[in-house]
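Enquirer: Structure below; questions to follow.
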Amino acid sequence: MDYLLLGAKKNLIKNLRKKGICDEQVLAAFDKIDRHLFMDSFLWDKAYEDMALHINCGQTISQPSTVAFQTQLLQVKPGEKVLEIGTGSGFQAAILGALGARVFSIERHLELFSKAKNLLAQINEKIIVHFGDGFQGYERYAPFDKIIVTCGAPEIPQKLFRQLKVGGLMVIPVGIDSQVMKRITKIDEENFKEESFGNYNFVPMLEDRMKDSKTVF
Ligand code: SAH
C-alpha cells in the first residue's frame with residue numbers, strides 16, 4: 001500500500017478513537033480493510049477522510065465514523081450470521097467480514113451489486129452478495145444473528161424483524177428526510193427493545209422495483 005495512503009489510514013483510525021469508537025476489534029477491521037479500493041482512483045486522496053463519498057448510481061459510501069459506529073453497535077462475534085441491506089461499494093460488508101462474521105449483503109442496483117460482488121470476491125470469498133430488494137430480507141439464509149441497514153428506512157421492515165433471531169440485534173437508521181440510528185433487540189416474535197443513538201443522513205431505502213430487474217440471478 002502507498003505510504004501516503006497508509007499514513008492517512010492510521011490517521012483515520014486515530015480520529016475514529018477520538019470520535020468515540022473504542023471497540024478494538026472494529027478499529028482493527030478498519031486497519032485491515034483498504035477503503036480506497038471501494039471507490040474510483042480519482043477519489044483516493046479523500047479515501048481516509050471522515051466523509052461520505054460518491055460511488056455510482058447516485059449512491060454514497062458512508063462516512064467511516066458512521067460505518068464504525070454502526071458496526072460497534074452491532075457487537076459482531078466471529079461466526080455470526082450478519083445480513084446487510086445496501087451493499088453499495090461493499091466496504092461495510094468487508095468490515096463485517098474482517099470481524100469474522102458470515103456476511104450476506106443485499107443491493108438493489110445491478111451495477112453496484114456487480115462491482116461490489118467482484119471486488120469482495122477478491123478480498124473475502126466467503127461474503128455472499130445478493131441482487132434483490134432489502135425489504136424482502138434473505139429468507140434462504142435466515143434467521144440472522146445480526147442485521148445492519150445502511151440506507152434510511154421509512155420504518156422497521158417486518159420481514160427483516162422476522163428474519164432476526166430472538167436475542168439478535170438490528171442496527172437501522174429510521175426516518176424519511178433524516179434518520180435516527182436505532183438498535184433493536186428482538187425479545188420474542190412480537191416484542192423488541194429499542195434504543196436511539198442520534199441523527200444521521202442516509203440515502204433512502206427504496207421499496208420500488210429493483211434497478212435493472214430484467215437480469216436473472
Ligand atoms: N454500505 C454501503 C453504503 C451504501 S449506501 C457501503 O459500505 O458502501 C446505501 C445503499 O443501499 C445504496 O447502494 C442503495 O442502492 C442501497 N439500497 C437502497 N434501497 C435498497 C433496498 N430496498 N434493497 C437493497 N439495497 C438498497
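We name chains A, B, ... following the order of the C-alpha cells; residues begin at 1 in each chain, and ligands are numbered from 1 as shown.
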Once DSSP has gone over the backbone, tell me which residues of range 90-123 of chain A are in strand (DSSP E), as a list in words.
Expert: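 Matching residues, listed in order: Arg102, Val103, Phe104, Ser105, Ile106 and Glu107 of chain A.
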Enquirer: Could you list, as a VMD selection string, all residues that come within 7 Å of ligand 1? Count only C-alpha atoms and all ligand atoms.
Expert: chain A and resid 59 to 62 85 to 93 106 to 109 112 132 to 135 150 to 151 203 to 207
Enquirer: Pick from A:Met39, A:Ile148, A:Leu53, A:Leu99: nearest to Leu119 in chain A, with only C-alpha atoms counted?
Expert: A:Met39
Enquirer: With only C-alpha atoms as the atoms that count, which of A:Ile123, A:Leu74, A:Val67, A:Ala142 lies nearest to Gly97 in chain A?
Expert: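 Answer, going by the shortest atom-to-atom distance: A:Ile123.
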Enquirer: Neighbouring residues of Ile33 in chain A were defined as those with any atom within 8 Å, considering only C-alpha atoms; residues of the same chain fewer than 4 positions away were excluded. Please report them as a list of chain:residue names.
Expert: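 That gives A:Ala29, A:Ala94, A:Ile95, A:Ala98.
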Enquirer: Can those selected residues be exported to a file as a PDB file, in the first residue's frame so that it contains all heavy atoms?
Expert:
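Final output, selection.pdb:
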ATOM      1  N   ALA A  29     -10.426  -3.917  12.304  1.00  0.00           N
ATOM      2  CA  ALA A  29     -11.031  -4.189  10.985  1.00  0.00           C
ATOM      3  C   ALA A  29     -10.788  -3.004  10.044  1.00  0.00           C
ATOM      4  O   ALA A  29     -10.519  -3.188   8.851  1.00  0.00           O
ATOM      5  CB  ALA A  29     -12.525  -4.458  11.150  1.00  0.00           C
ATOM      6  N   ALA A  94     -17.134  -5.692   3.849  1.00  0.00           N
ATOM      7  CA  ALA A  94     -15.747  -6.125   4.066  1.00  0.00           C
ATOM      8  C   ALA A  94     -15.348  -5.954   5.533  1.00  0.00           C
ATOM      9  O   ALA A  94     -14.653  -6.807   6.097  1.00  0.00           O
ATOM     10  CB  ALA A  94     -14.802  -5.331   3.164  1.00  0.00           C
ATOM     11  N   ILE A  95     -15.797  -4.874   6.161  1.00  0.00           N
ATOM     12  CA  ILE A  95     -15.505  -4.644   7.588  1.00  0.00           C
ATOM     13  C   ILE A  95     -16.143  -5.763   8.429  1.00  0.00           C
ATOM     14  O   ILE A  95     -15.503  -6.330   9.323  1.00  0.00           O
ATOM     15  CB  ILE A  95     -16.025  -3.243   8.034  1.00  0.00           C
ATOM     16  CG1 ILE A  95     -15.216  -2.122   7.377  1.00  0.00           C
ATOM     17  CG2 ILE A  95     -16.060  -3.104   9.562  1.00  0.00           C
ATOM     18  CD1 ILE A  95     -13.805  -1.930   7.918  1.00  0.00           C
ATOM     19  N   ALA A  98     -14.157  -8.847   8.042  1.00  0.00           N
ATOM     20  CA  ALA A  98     -12.891  -8.784   8.790  1.00  0.00           C
ATOM     21  C   ALA A  98     -13.108  -9.091  10.273  1.00  0.00           C
ATOM     22  O   ALA A  98     -12.179  -9.500  10.962  1.00  0.00           O
ATOM     23  CB  ALA A  98     -12.251  -7.405   8.619  1.00  0.00           C
TER      24      ALA A  98
END
Enquirer: Skipping near chain neighbours, those fewer than 6 positions away, what residues fall within 12 Å of Gly198 in chain A using only C-alpha atoms, listed as a list of chain:residue names?
Expert: A:Thr66, A:Phe69, A:Gln70, A:Ile172, A:Pro173, A:Val174, A:Gly175, A:Ser178, A:Gln179, A:Val180, A:Met181, A:Lys182, A:Arg183
Enquirer: Pull N, CA, C and O atoms from the residues just selected and write them as a tab-separated table (two decimals), in the first residue's frame.
Expert:
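Final file, out.tsv:
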chain	number	residue	atom	x	y	z
A	66	THR	N	-19.43	6.71	10.67
A	66	THR	CA	-20.78	6.14	10.71
A	66	THR	C	-20.69	4.61	10.57
A	66	THR	O	-21.36	3.88	11.30
A	69	PHE	N	-19.38	3.32	13.81
A	69	PHE	CA	-20.36	3.42	14.89
A	69	PHE	C	-21.44	2.34	14.74
A	69	PHE	O	-21.78	1.64	15.71
A	70	GLN	N	-21.96	2.18	13.52
A	70	GLN	CA	-22.98	1.14	13.30
A	70	GLN	C	-22.41	-0.24	13.62
A	70	GLN	O	-23.08	-1.08	14.21
A	172	ILE	N	-30.33	0.09	12.54
A	172	ILE	CA	-31.06	0.60	11.39
A	172	ILE	C	-31.36	2.10	11.55
A	172	ILE	O	-31.91	2.52	12.57
A	173	PRO	N	-30.97	2.91	10.54
A	173	PRO	CA	-31.34	4.32	10.59
A	173	PRO	C	-32.79	4.48	10.11
A	173	PRO	O	-33.12	4.09	8.99
A	174	VAL	N	-33.65	5.03	10.97
A	174	VAL	CA	-35.08	5.11	10.65
A	174	VAL	C	-35.51	6.56	10.47
A	174	VAL	O	-35.26	7.40	11.34
A	175	GLY	N	-36.15	6.84	9.32
A	175	GLY	CA	-36.66	8.18	9.06
A	175	GLY	C	-36.67	8.46	7.56
A	175	GLY	O	-35.95	7.79	6.81
A	178	SER	N	-34.41	12.70	7.37
A	178	SER	CA	-33.18	12.36	8.08
A	178	SER	C	-33.54	11.20	9.00
A	178	SER	O	-34.73	10.88	9.16
A	179	GLN	N	-32.53	10.57	9.55
A	179	GLN	CA	-32.80	9.34	10.29
A	179	GLN	C	-32.27	9.38	11.71
A	179	GLN	O	-31.29	10.07	11.99
A	180	VAL	N	-32.90	8.61	12.56
A	180	VAL	CA	-32.40	8.36	13.91
A	180	VAL	C	-31.81	6.95	13.88
A	180	VAL	O	-32.46	6.01	13.41
A	181	MET	N	-30.57	6.82	14.37
A	181	MET	CA	-29.96	5.50	14.41
A	181	MET	C	-30.59	4.70	15.55
A	181	MET	O	-30.60	5.14	16.70
A	182	LYS	N	-31.16	3.56	15.20
A	182	LYS	CA	-31.84	2.73	16.21
A	182	LYS	C	-31.13	1.38	16.33
A	182	LYS	O	-30.62	0.86	15.33
A	183	ARG	N	-31.15	0.88	17.55
A	183	ARG	CA	-30.73	-0.51	17.74
A	183	ARG	C	-31.90	-1.25	18.35
A	183	ARG	O	-32.41	-0.88	19.40
Enquirer: Quick one: residues within 12 Å of Lys46 in chain A, only C-alpha atoms counted, chain neighbours fewer than 4 positions away excluded, as a PDB file with N, CA, C and O atoms, in the first residue's frame?
Expert:
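Below is the file selection.pdb, written as the result:
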ATOM      1  N   LEU A   4       1.597   7.120   1.577  1.00  0.00           N
ATOM      2  CA  LEU A   4       0.722   8.263   1.890  1.00  0.00           C
ATOM      3  C   LEU A   4      -0.658   7.770   2.317  1.00  0.00           C
ATOM      4  O   LEU A   4      -1.235   8.257   3.282  1.00  0.00           O
ATOM      5  N   LEU A   5      -1.156   6.775   1.581  1.00  0.00           N
ATOM      6  CA  LEU A   5      -2.468   6.212   1.921  1.00  0.00           C
ATOM      7  C   LEU A   5      -2.407   5.499   3.270  1.00  0.00           C
ATOM      8  O   LEU A   5      -3.321   5.605   4.083  1.00  0.00           O
ATOM      9  N   ALA A   8      -2.504   8.033   5.938  1.00  0.00           N
ATOM     10  CA  ALA A   8      -3.857   8.585   6.030  1.00  0.00           C
ATOM     11  C   ALA A   8      -4.768   7.603   6.767  1.00  0.00           C
ATOM     12  O   ALA A   8      -5.631   7.994   7.560  1.00  0.00           O
ATOM     13  N   LYS A   9      -4.559   6.318   6.512  1.00  0.00           N
ATOM     14  CA  LYS A   9      -5.383   5.299   7.170  1.00  0.00           C
ATOM     15  C   LYS A   9      -5.134   5.275   8.681  1.00  0.00           C
ATOM     16  O   LYS A   9      -6.073   5.231   9.475  1.00  0.00           O
ATOM     17  N   LEU A  12      -6.834   8.140  10.181  1.00  0.00           N
ATOM     18  CA  LEU A  12      -8.288   7.928  10.274  1.00  0.00           C
ATOM     19  C   LEU A  12      -8.614   7.116  11.539  1.00  0.00           C
ATOM     20  O   LEU A  12      -9.553   7.434  12.269  1.00  0.00           O
ATOM     21  N   ARG A  35      -9.962   1.199   2.458  1.00  0.00           N
ATOM     22  CA  ARG A  35     -11.192   1.859   1.978  1.00  0.00           C
ATOM     23  C   ARG A  35     -11.040   2.391   0.550  1.00  0.00           C
ATOM     24  O   ARG A  35     -12.010   2.450  -0.200  1.00  0.00           O
ATOM     25  N   HIS A  36      -9.811   2.781   0.171  1.00  0.00           N
ATOM     26  CA  HIS A  36      -9.655   3.379  -1.167  1.00  0.00           C
ATOM     27  C   HIS A  36     -10.021   2.404  -2.291  1.00  0.00           C
ATOM     28  O   HIS A  36     -10.421   2.819  -3.370  1.00  0.00           O
ATOM     29  N   LEU A  37      -9.909   1.114  -2.029  1.00  0.00           N
ATOM     30  CA  LEU A  37     -10.235   0.130  -3.071  1.00  0.00           C
ATOM     31  C   LEU A  37     -11.724   0.130  -3.439  1.00  0.00           C
ATOM     32  O   LEU A  37     -12.112  -0.421  -4.461  1.00  0.00           O
ATOM     33  N   PHE A  38     -12.547   0.741  -2.595  1.00  0.00           N
ATOM     34  CA  PHE A  38     -14.004   0.716  -2.799  1.00  0.00           C
ATOM     35  C   PHE A  38     -14.524   1.947  -3.539  1.00  0.00           C
ATOM     36  O   PHE A  38     -15.717   2.195  -3.568  1.00  0.00           O
ATOM     37  N   MET A  39     -13.587   2.704  -4.139  1.00  0.00           N
ATOM     38  CA  MET A  39     -14.017   3.915  -4.881  1.00  0.00           C
ATOM     39  C   MET A  39     -13.109   4.111  -6.086  1.00  0.00           C
ATOM     40  O   MET A  39     -12.075   3.453  -6.212  1.00  0.00           O
ATOM     41  N   ASP A  40     -13.498   5.051  -6.969  1.00  0.00           N
ATOM     42  CA  ASP A  40     -12.677   5.349  -8.140  1.00  0.00           C
ATOM     43  C   ASP A  40     -11.371   6.014  -7.701  1.00  0.00           C
ATOM     44  O   ASP A  40     -11.336   6.732  -6.703  1.00  0.00           O
ATOM     45  N   SER A  41     -10.306   5.797  -8.506  1.00  0.00           N
ATOM     46  CA  SER A  41      -8.975   6.245  -8.082  1.00  0.00           C
ATOM     47  C   SER A  41      -8.862   7.772  -7.963  1.00  0.00           C
ATOM     48  O   SER A  41      -8.055   8.263  -7.193  1.00  0.00           O
ATOM     49  N   PHE A  42      -9.717   8.514  -8.690  1.00  0.00           N
ATOM     50  CA  PHE A  42      -9.610   9.976  -8.559  1.00  0.00           C
ATOM     51  C   PHE A  42     -10.062  10.459  -7.168  1.00  0.00           C
ATOM     52  O   PHE A  42      -9.808  11.597  -6.793  1.00  0.00           O
ATOM     53  N   ASP A  50     -12.795  11.530   7.012  1.00  0.00           N
ATOM     54  CA  ASP A  50     -14.047  11.047   7.593  1.00  0.00           C
ATOM     55  C   ASP A  50     -15.230  11.684   6.871  1.00  0.00           C
ATOM     56  O   ASP A  50     -15.928  12.536   7.420  1.00  0.00           O
ATOM     57  N   MET A  51     -15.426  11.270   5.620  1.00  0.00           N
ATOM     58  CA  MET A  51     -16.545  11.809   4.848  1.00  0.00           C
ATOM     59  C   MET A  51     -17.166  10.751   3.948  1.00  0.00           C
ATOM     60  O   MET A  51     -16.494   9.802   3.539  1.00  0.00           O
ATOM     61  N   ALA A  52     -18.465  10.956   3.663  1.00  0.00           N
ATOM     62  CA  ALA A  52     -19.145  10.085   2.696  1.00  0.00           C
ATOM     63  C   ALA A  52     -18.649  10.499   1.304  1.00  0.00           C
ATOM     64  O   ALA A  52     -18.353  11.663   1.074  1.00  0.00           O
ATOM     65  N   LEU A  53     -18.528   9.556   0.383  1.00  0.00           N
ATOM     66  CA  LEU A  53     -18.063   9.880  -0.970  1.00  0.00           C
ATOM     67  C   LEU A  53     -18.986   9.219  -1.986  1.00  0.00           C
ATOM     68  O   LEU A  53     -19.573   8.166  -1.705  1.00  0.00           O
ATOM     69  N   HIS A  54     -19.065   9.855  -3.169  1.00  0.00           N
ATOM     70  CA  HIS A  54     -19.958   9.305  -4.184  1.00  0.00           C
ATOM     71  C   HIS A  54     -19.399   8.047  -4.825  1.00  0.00           C
ATOM     72  O   HIS A  54     -18.229   7.974  -5.149  1.00  0.00           O
ATOM     73  N   ILE A  61     -20.687   5.915  -0.427  1.00  0.00           N
ATOM     74  CA  ILE A  61     -20.040   5.046   0.559  1.00  0.00           C
ATOM     75  C   ILE A  61     -20.116   5.854   1.857  1.00  0.00           C
ATOM     76  O   ILE A  61     -19.737   7.021   1.893  1.00  0.00           O
ATOM     77  N   GLN A  63     -19.803   7.587   5.568  1.00  0.00           N
ATOM     78  CA  GLN A  63     -18.691   8.189   6.305  1.00  0.00           C
ATOM     79  C   GLN A  63     -18.055   7.120   7.208  1.00  0.00           C
ATOM     80  O   GLN A  63     -18.791   6.386   7.881  1.00  0.00           O
ATOM     81  N   PRO A  64     -16.724   7.029   7.264  1.00  0.00           N
ATOM     82  CA  PRO A  64     -16.089   5.993   8.087  1.00  0.00           C
ATOM     83  C   PRO A  64     -16.575   5.965   9.541  1.00  0.00           C
ATOM     84  O   PRO A  64     -16.810   4.886  10.094  1.00  0.00           O
TER      85      PRO A  64
END
Enquirer: Ranking A:Glu139, A:Glu189, A:Asp31, A:Asp23 by minimum distance to Lys77 in chain A and counting only C-alpha atoms, which one comes first?
Expert: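 Selected residue with least distance to Lys77 in chain A: A:Asp23.
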Enquirer: List as a PyMOL selection string the protein and nucleic acid residues near Glu80 in chain A, meaning an atom at most 7 Å away when only C-alpha atoms are counted, but skip any in the same chain fewer than 4 places from it.
Expert: chain A and resi 76+101-102+145
Enquirer: Between CA of Gly20 in chain A and CA of Asn199 in chain A, measure the distance and give it in Å to one decimal.
Expert: 15.7 Å
Enquirer: Quick one: distance from CA of Glu125 in chain A to CA of Val103 in chain A in Å, one decimal?
Expert: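 Going from CA of Glu125 in chain A over to CA of Val103 in chain A, I get 10.3 Å.
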Enquirer: Do you have, as JSON lines, the list of residues of range 26-108 of chain A lying at most 10 Å from range 161-167 of chain A, each with its nearest atom pair and that distance in Å to one decimal, counting only C-alpha atoms and ordered by chain then number?
Expert:
{"residue": "A:Lys81", "atom": "CA", "partner": "A:Leu164", "partner_atom": "CA", "distance": 9.9}
{"residue": "A:Val82", "atom": "CA", "partner": "A:Leu164", "partner_atom": "CA", "distance": 9.5}
{"residue": "A:Leu83", "atom": "CA", "partner": "A:Leu164", "partner_atom": "CA", "distance": 9.1}
